[in-house]
Every structure is written in structure tokens, then in C-alpha cells.
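With PDB, C-alpha atoms inside, this is upload_35.pdb:
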ATOM      1  CA  MET G   2       6.922  27.236 -16.737
ATOM      2  CA  SER G   3       5.635  30.609 -15.484
ATOM      3  CA  SER G   4       6.197  33.743 -17.543
ATOM      4  CA  ARG G   5       8.421  35.097 -14.741
ATOM      5  CA  ALA G   6      10.631  31.994 -14.799
ATOM      6  CA  PHE G   7      10.731  32.189 -18.595
ATOM      7  CA  THR G   8      11.829  35.861 -18.412
ATOM      8  CA  ILE G   9      14.571  35.005 -15.918
ATOM      9  CA  LEU G  10      15.689  32.152 -18.202
ATOM     10  CA  LEU G  11      15.898  34.572 -21.148
ATOM     11  CA  PHE G  12      17.951  37.077 -19.124
ATOM     12  CA  GLY G  13      20.203  34.191 -18.073
ATOM     13  CA  LEU G  14      20.653  33.081 -21.681
ATOM     14  CA  ILE G  15      21.523  36.662 -22.728
ATOM     15  CA  ALA G  16      24.092  36.939 -19.905
ATOM     16  CA  ALA G  17      25.546  33.554 -20.909
ATOM     17  CA  GLY G  18      25.656  34.723 -24.537
ATOM     18  CA  ILE G  19      27.590  37.864 -23.601
ATOM     19  CA  LEU G  20      30.034  35.862 -21.490
ATOM     20  CA  THR G  21      30.498  33.276 -24.243
ATOM     21  CA  LEU G  22      31.079  35.886 -26.969
ATOM     22  CA  ASP G  23      33.605  37.707 -24.778
ATOM     23  CA  LEU G  24      35.485  34.483 -23.996
ATOM     24  CA  LEU G  25      35.503  33.498 -27.701
ATOM     25  CA  ALA G  26      36.778  36.994 -28.584
ATOM     26  CA  ARG G  27      39.770  36.560 -26.259
ATOM     27  CA  ARG G  28      41.120  33.544 -28.155
ATOM     28  CA  PRO G  29      44.223  34.297 -30.244
ATOM     29  CA  GLU G  30      43.354  35.601 -33.740
ATOM     30  CA  SER G  31      39.640  35.664 -32.955
ATOM     31  CA  LYS G  32      37.423  37.398 -35.539
ATOM     32  CA  LEU G  33      35.174  38.653 -32.741
ATOM     33  CA  PRO G  34      35.680  41.895 -30.793
ATOM     34  CA  THR G  35      35.592  41.702 -26.983
ATOM     35  CA  PHE G  36      32.754  43.329 -25.038
ATOM     36  CA  GLY G  37      35.143  46.179 -24.157
ATOM     37  CA  GLU G  38      36.124  46.637 -27.805
ATOM     38  CA  VAL G  39      32.448  47.023 -28.708
ATOM     39  CA  PHE G  40      32.316  50.035 -26.386
ATOM     40  CA  GLY G  41      35.671  51.204 -27.750
ATOM     41  CA  PHE G  42      34.191  51.057 -31.248
ATOM     42  CA  LEU G  43      31.104  53.002 -30.149
ATOM     43  CA  SER G  44      33.318  55.590 -28.394
ATOM     44  CA  GLN G  45      35.507  56.346 -31.415
ATOM     45  CA  ARG G  46      33.366  59.341 -32.387
ATOM     46  CA  ARG G  47      32.522  62.124 -29.948
ATOM     47  CA  VAL G  48      28.762  61.552 -30.212
ATOM     48  CA  GLY G  49      29.204  57.847 -29.478
ATOM     49  CA  ARG G  50      31.443  58.632 -26.515
ATOM     50  CA  VAL G  51      28.859  61.034 -25.077
ATOM     51  CA  LEU G  52      26.063  58.472 -25.589
ATOM     52  CA  VAL G  53      28.061  55.626 -24.009
ATOM     53  CA  LEU G  54      29.079  57.709 -20.978
ATOM     54  CA  GLY G  55      25.556  59.131 -20.757
ATOM     55  CA  PHE G  56      24.098  55.622 -20.689
ATOM     56  CA  TRP G  57      26.579  54.695 -17.960
ATOM     57  CA  GLY G  58      25.530  57.708 -15.878
ATOM     58  CA  TRP G  59      21.848  56.991 -16.428
ATOM     59  CA  SER G  60      22.275  53.337 -15.386
ATOM     60  CA  GLY G  61      23.795  54.439 -12.056
ATOM     61  CA  TRP G  62      20.948  56.886 -11.524
ATOM     62  CA  HIS G  63      18.357  54.223 -12.402
ATOM     63  CA  PHE G  64      19.764  51.471 -10.168
ATOM     64  CA  PHE G  65      21.107  53.395  -7.178
ATOM     65  CA  ALA G  66      19.219  56.691  -6.937
ATOM     66  CA  ARG G  67      15.756  55.908  -8.339
TER      67      ARG G  67
ATOM     68  CA  MET C  28      69.694  57.682 -10.142
ATOM     69  CA  THR C  29      69.710  55.794 -13.455
ATOM     70  CA  SER C  30      66.862  55.948 -15.966
ATOM     71  CA  GLY C  31      65.945  52.366 -15.031
ATOM     72  CA  GLU C  32      65.662  53.335 -11.361
ATOM     73  CA  ASN C  33      63.622  56.391 -12.359
ATOM     74  CA  ALA C  34      61.189  54.229 -14.316
ATOM     75  CA  LEU C  35      60.925  51.787 -11.402
ATOM     76  CA  GLU C  36      60.224  54.659  -8.977
ATOM     77  CA  ARG C  37      57.560  56.063 -11.355
ATOM     78  CA  THR C  38      55.911  52.631 -11.591
ATOM     79  CA  ARG C  39      55.890  52.338  -7.792
ATOM     80  CA  ALA C  40      54.414  55.838  -7.433
ATOM     81  CA  ASN C  41      51.706  55.022 -10.001
ATOM     82  CA  THR C  42      50.897  51.778  -8.183
ATOM     83  CA  ARG C  43      50.654  53.578  -4.817
ATOM     84  CA  TRP C  44      48.403  56.200  -6.421
ATOM     85  CA  ALA C  45      46.156  53.555  -8.010
ATOM     86  CA  VAL C  46      45.872  51.615  -4.727
ATOM     87  CA  ALA C  47      44.931  54.829  -2.870
ATOM     88  CA  VAL C  48      42.327  55.887  -5.464
ATOM     89  CA  TRP C  49      40.675  52.457  -5.719
ATOM     90  CA  SER C  50      40.687  52.033  -1.946
ATOM     91  CA  ALA C  51      38.886  55.376  -1.676
ATOM     92  CA  ALA C  52      36.451  54.241  -4.397
ATOM     93  CA  ALA C  53      35.752  51.023  -2.443
ATOM     94  CA  VAL C  54      35.047  53.001   0.757
ATOM     95  CA  PHE C  55      32.828  55.374  -1.226
ATOM     96  CA  ALA C  56      30.971  52.399  -2.773
ATOM     97  CA  TRP C  57      30.393  50.911   0.692
ATOM     98  CA  VAL C  58      28.942  54.201   1.975
ATOM     99  CA  ALA C  59      26.879  54.768  -1.211
ATOM    100  CA  GLY C  60      25.669  51.158  -1.056
ATOM    101  CA  GLY C  61      24.146  51.871   2.352
ATOM    102  CA  LEU C  62      21.969  54.712   1.057
ATOM    103  CA  GLU C  63      18.320  54.173   0.215
ATOM    104  CA  SER C  64      16.993  54.996  -3.238
ATOM    105  CA  PHE C  65      14.784  58.072  -3.625
ATOM    106  CA  THR C  66      16.829  60.088  -1.124
ATOM    107  CA  ALA C  67      18.892  63.212  -1.775
ATOM    108  CA  ALA C  68      21.964  61.429  -0.360
ATOM    109  CA  ALA C  69      21.612  58.603  -2.914
ATOM    110  CA  GLU C  70      21.279  61.134  -5.732
ATOM    111  CA  VAL C  71      24.444  62.941  -4.592
ATOM    112  CA  ALA C  72      26.255  59.580  -4.307
ATOM    113  CA  VAL C  73      25.476  58.871  -7.963
ATOM    114  CA  LEU C  74      26.085  62.389  -9.249
ATOM    115  CA  LEU C  75      29.518  62.606  -7.601
ATOM    116  CA  PRO C  76      31.204  59.820  -9.628
ATOM    117  CA  VAL C  77      29.342  60.964 -12.752
ATOM    118  CA  LEU C  78      30.698  64.506 -12.374
ATOM    119  CA  VAL C  79      34.213  63.298 -11.485
ATOM    120  CA  LEU C  80      34.456  60.895 -14.448
ATOM    121  CA  PHE C  81      32.849  63.298 -16.922
ATOM    122  CA  GLY C  82      35.257  65.981 -15.651
ATOM    123  CA  ILE C  83      38.227  63.657 -16.161
ATOM    124  CA  ALA C  84      36.954  62.707 -19.645
ATOM    125  CA  VAL C  85      36.622  66.357 -20.679
ATOM    126  CA  PHE C  86      39.396  68.218 -18.841
ATOM    127  CA  ALA C  87      42.076  65.630 -18.043
ATOM    128  CA  PRO C  88      41.535  62.593 -20.275
ATOM    129  CA  PRO C  89      43.801  59.669 -19.398
ATOM    130  CA  PRO C  90      45.712  57.840 -22.149
ATOM    131  CA  ARG C  91      43.073  55.962 -24.134
ATOM    132  CA  LYS C  92      43.259  52.246 -24.795
ATOM    133  CA  PRO C  93      44.282  51.244 -28.330
ATOM    134  CA  ALA C  94      41.524  51.384 -30.956
ATOM    135  CA  PRO C  95      39.639  48.107 -31.367
ATOM    136  CA  ARG C  96      41.249  45.486 -33.617
ATOM    137  CA  GLN C  97      40.131  45.257 -37.211
ATOM    138  CA  VAL C  98      37.593  42.441 -37.270
ATOM    139  CA  PRO C  99      35.094  41.429 -39.953
ATOM    140  CA  LEU C 100      31.657  43.026 -39.920
ATOM    141  CA  ARG C 101      30.036  39.779 -38.830
ATOM    142  CA  GLY C 102      32.199  39.936 -35.687
ATOM    143  CA  TRP C 103      30.529  43.208 -34.693
ATOM    144  CA  LEU C 104      27.104  41.980 -35.791
ATOM    145  CA  ALA C 105      27.381  38.925 -33.510
ATOM    146  CA  TRP C 106      27.128  41.317 -30.563
ATOM    147  CA  LEU C 107      23.787  42.593 -31.838
ATOM    148  CA  VAL C 108      22.169  39.271 -30.864
ATOM    149  CA  PRO C 109      22.533  39.591 -27.062
ATOM    150  CA  ILE C 110      22.302  43.405 -27.097
ATOM    151  CA  LEU C 111      19.094  43.521 -29.144
ATOM    152  CA  GLY C 112      17.773  40.529 -27.210
ATOM    153  CA  PHE C 113      18.265  42.396 -23.949
ATOM    154  CA  CYS C 114      16.732  45.611 -25.332
ATOM    155  CA  GLY C 115      13.782  43.681 -26.776
ATOM    156  CA  LEU C 116      13.121  41.905 -23.486
ATOM    157  CA  GLU C 117      13.282  45.216 -21.606
ATOM    158  CA  VAL C 118      10.906  46.931 -24.050
ATOM    159  CA  VAL C 119       8.386  44.067 -24.065
ATOM    160  CA  ASN C 120       8.391  43.577 -20.284
ATOM    161  CA  GLY C 121       8.659  47.275 -19.420
ATOM    162  CA  PHE C 122       6.420  49.005 -21.932
ATOM    163  CA  ILE C 123       4.007  46.312 -23.091
ATOM    164  CA  PHE C 124       3.509  44.377 -19.834
ATOM    165  CA  GLY C 125       4.236  47.321 -17.498
ATOM    166  CA  SER C 126       7.047  45.549 -15.612
ATOM    167  CA  VAL C 127       4.708  43.498 -13.417
ATOM    168  CA  PRO C 128       6.138  40.635 -11.281
ATOM    169  CA  ALA C 129       5.089  38.109 -13.942
ATOM    170  CA  HIS C 130       7.014  40.067 -16.599
ATOM    171  CA  PRO C 131       9.906  41.711 -14.748
ATOM    172  CA  THR C 132      12.494  44.030 -16.272
ATOM    173  CA  TRP C 133      16.163  43.643 -15.344
ATOM    174  CA  SER C 134      15.971  46.413 -12.731
ATOM    175  CA  ILE C 135      12.916  44.834 -11.064
ATOM    176  CA  LEU C 136      14.800  41.527 -10.860
ATOM    177  CA  MET C 137      17.823  43.286  -9.365
ATOM    178  CA  ASP C 138      15.863  45.212  -6.705
ATOM    179  CA  PRO C 139      15.816  42.412  -4.088
ATOM    180  CA  VAL C 140      19.529  41.754  -4.681
ATOM    181  CA  LEU C 141      20.412  45.438  -4.319
ATOM    182  CA  GLU C 142      18.546  45.660  -1.009
ATOM    183  CA  TRP C 143      21.458  43.759   0.574
ATOM    184  CA  HIS C 144      24.129  46.294   1.516
ATOM    185  CA  PRO C 145      27.253  44.294   0.435
ATOM    186  CA  ALA C 146      25.671  43.463  -2.948
ATOM    187  CA  ARG C 147      24.621  47.071  -3.490
ATOM    188  CA  ALA C 148      28.112  48.309  -2.508
ATOM    189  CA  ALA C 149      29.712  45.794  -4.898
ATOM    190  CA  ALA C 150      27.346  46.939  -7.671
ATOM    191  CA  VAL C 151      28.271  50.587  -7.049
ATOM    192  CA  LEU C 152      31.986  49.718  -7.208
ATOM    193  CA  ILE C 153      31.494  47.712 -10.430
ATOM    194  CA  TRP C 154      29.570  50.669 -11.869
ATOM    195  CA  ILE C 155      32.426  53.069 -11.011
ATOM    196  CA  VAL C 156      35.053  50.679 -12.472
ATOM    197  CA  ALA C 157      32.925  50.367 -15.639
ATOM    198  CA  GLY C 158      32.731  54.168 -15.869
ATOM    199  CA  TRP C 159      36.514  54.463 -15.553
ATOM    200  CA  GLU C 160      37.009  51.816 -18.244
ATOM    201  CA  LEU C 161      34.619  53.688 -20.542
ATOM    202  CA  VAL C 162      36.523  56.954 -19.972
ATOM    203  CA  ARG C 163      39.680  55.164 -21.132
ATOM    204  CA  ARG C 164      38.040  53.785 -24.277
TER     205      ARG C 164
END
How does the structure come out when it is put into C-alpha cells?
Amino acid sequence: MSSRAFTILLFGLIAAGILTLDLLARRPESKLPTFGEVFGFLSQRRVGRVLVLGFWGWSGWHFFAR
Amino acid sequence: MTSGENALERTRANTRWAVAVWSAAAVFAWVAGGLESFTAAAEVAVLLPVLVLFGIAVFAPPPRKPAPRQVPLRGWLAWLVPILGFCGLEVVNGFIFGSVPAHPTWSILMDPVLEWHPARAAAVLIWIVAGWELVRR
């Protein structure tokens, strides 16, 4: 397997992991937070909110403007 | 008009407003998705939603979603696995290998996908929806 294919496989596994955790978190009485709740947790304090929104803005700049 | 009818009318007005705003966002995403990177137009197309959503967050914050549920620490820590995995892969491929085709970062992998106008427009719309969801968190 080439290193490129291996990298793509790893990204795929990470995406599958995120999807799986989020689905598990949506079961009744789950002990896991959803992906959205993770960002809600990070946004509880002002500094976290600024960092989360700043990262969102940067990601748009990175993917669509640069 | 009864209070029930008032509430129904408010719900309808809110729905009409939401449909209008998200339709406008979809049209904007389609136009922005047709712009090439490294152009002033593309920079404006990114800065516009950033300024609008930051403005809403600061000057007219919408009702925020309820605080996250109380879950055990290991519930939060479980999320560190994919998040740190992603960050680690980006750092290794970006900074150590220099993001060459054999060791691509996420953005290098996405470049060919985002060259297709409908995919790029969909990505812009998803990005705007994500920003709105973050403002409400």
C-alpha cells in the first residue's frame, strides 16, 4: 500500500470514528456527548467561543479563499 | 385573534423568514462556489459570512442551544481520539513531509473535489450552516 493510500485510509478511519461516536452519542441515555455538544462545551467560556468561531472562519479562508 | 392563532402566525412567520434566509444562503453559496481561490472576489465571499455571523454573535446573539448534558469525563475524552488523530495526521503530513502528494493533508485531498462547482458550492453552504450552528452554541 502506498503512503498516499495509507494516509487516505487514516483520514477515512478518523471520519468513520467521528460518525460512529456521534451516532453512539445519540442513543438514549448515552454517556457520550454528540459532536455538536463538544463544540457547545468548548463554547461555554468566551475565550473558547472566540477560538471555535475563529477556527471556523479560518477554515473557510483556507478552503475557499486560499 | 386568540393566543393560539397568534402563536401559529408567529411560527409561520419564522418559517417564512428561515426559508428566505437559507434560500439566500444557498444562492450565495452557489455564487461563492464559482469563484477561484486566490482572487479578491473569493476573499470577499469568505469574509462576508464571517463578518455577518461574528456580528450576529456579538450584537444580536440568537437564543443559544441548551448547555451540553452532564456526561462522564471519559465521554469527553473519547472525542480526543479522532480529534488528536486528525491533528496529528495534519501535523505529520503538513509540517514533517511538506504536504507532498505522497503525504497529503486534508486540504490537499479536498482540492480536486472543490474544483467542481457544485461540490464547492455545497461545501460553502455546509460551512455557513456550521458557522450558524456554532453561533447558537
query = If you count all atoms listed in the file, which residues fall within 10 Å of Ile135 (chain C), apart from same-chain ones fewer than 6 positions away, as a list in words?
reply =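 Counting only the stated atoms, we get Phe64 of chain G; Gly121, Ser126, Val127 and Pro128 of chain C.
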request  = Determine the nearest neighbour of Trp62 (chain G) from the options C:Val151, C:Ala84, C:Ala146, C:Ala129, counting only C-alpha atoms.
outcome  =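 Ranked by minimum distance to Trp62 (chain G), first place goes to C:Val151.
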query = Of the candidates C:Pro76, C:Gly82, C:Gly102, C:Pro90, which one gets nearest to Phe36 (chain G) if we count only C-alpha atoms?
reply =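 Going through C:Pro76, C:Gly82, C:Gly102, C:Pro90 one by one, the smallest distance to Phe36 (chain G) is for C:Gly102.
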Test item: chain C residues at most 6 Å from chain G, counting all atoms listed in the file, as a VMD selection string = chain C and resid 64 to 65 69 to 70 77 95 98 102 109 129 to 130 164
query = Expressed in Å to a single decimal, how great is the separation between CA of Leu75 (chain C) and CA of Val54 (chain C)?
reply = 13.9 Å
task = Please measure the separation of CA of Val85 (chain C) and CA of Trp159 (chain C), giving the value in Å to one decimal.
result =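 So the two atoms, CA of Val85 (chain C) and CA of Trp159 (chain C), lie 13.0 Å apart.
Between CA of Val140 (chain C) and CA of Ala51 (chain C) the separation is 23.9 Å.
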Centre, edges in Å (one decimal): axis-aligned box, region 7-19 of chain G, 3 Å padding on all six sides, as AutoDock Vina command-line options:
--center_x 19.2 --center_y 35.0 --center_z -20.2 --size_x 22.9 --size_y 11.7 --size_z 14.6
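When all atoms listed in the file are used to measure the gap to Pro89 (chain C), the shortest distance among C:Glu36, C:Val162, C:Val118, C:Leu104 belongs to C:Val162.
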request  = Fewer than 2 positions away in the same chain doesn't count, so skip those; otherwise give me all residues within 7 Å of region 59-62 of chain C, counting only C-alpha atoms, as a PyMOL selection string.
outcome  = chain C and resi 55-57+64+68-69+72+144+147-148+151
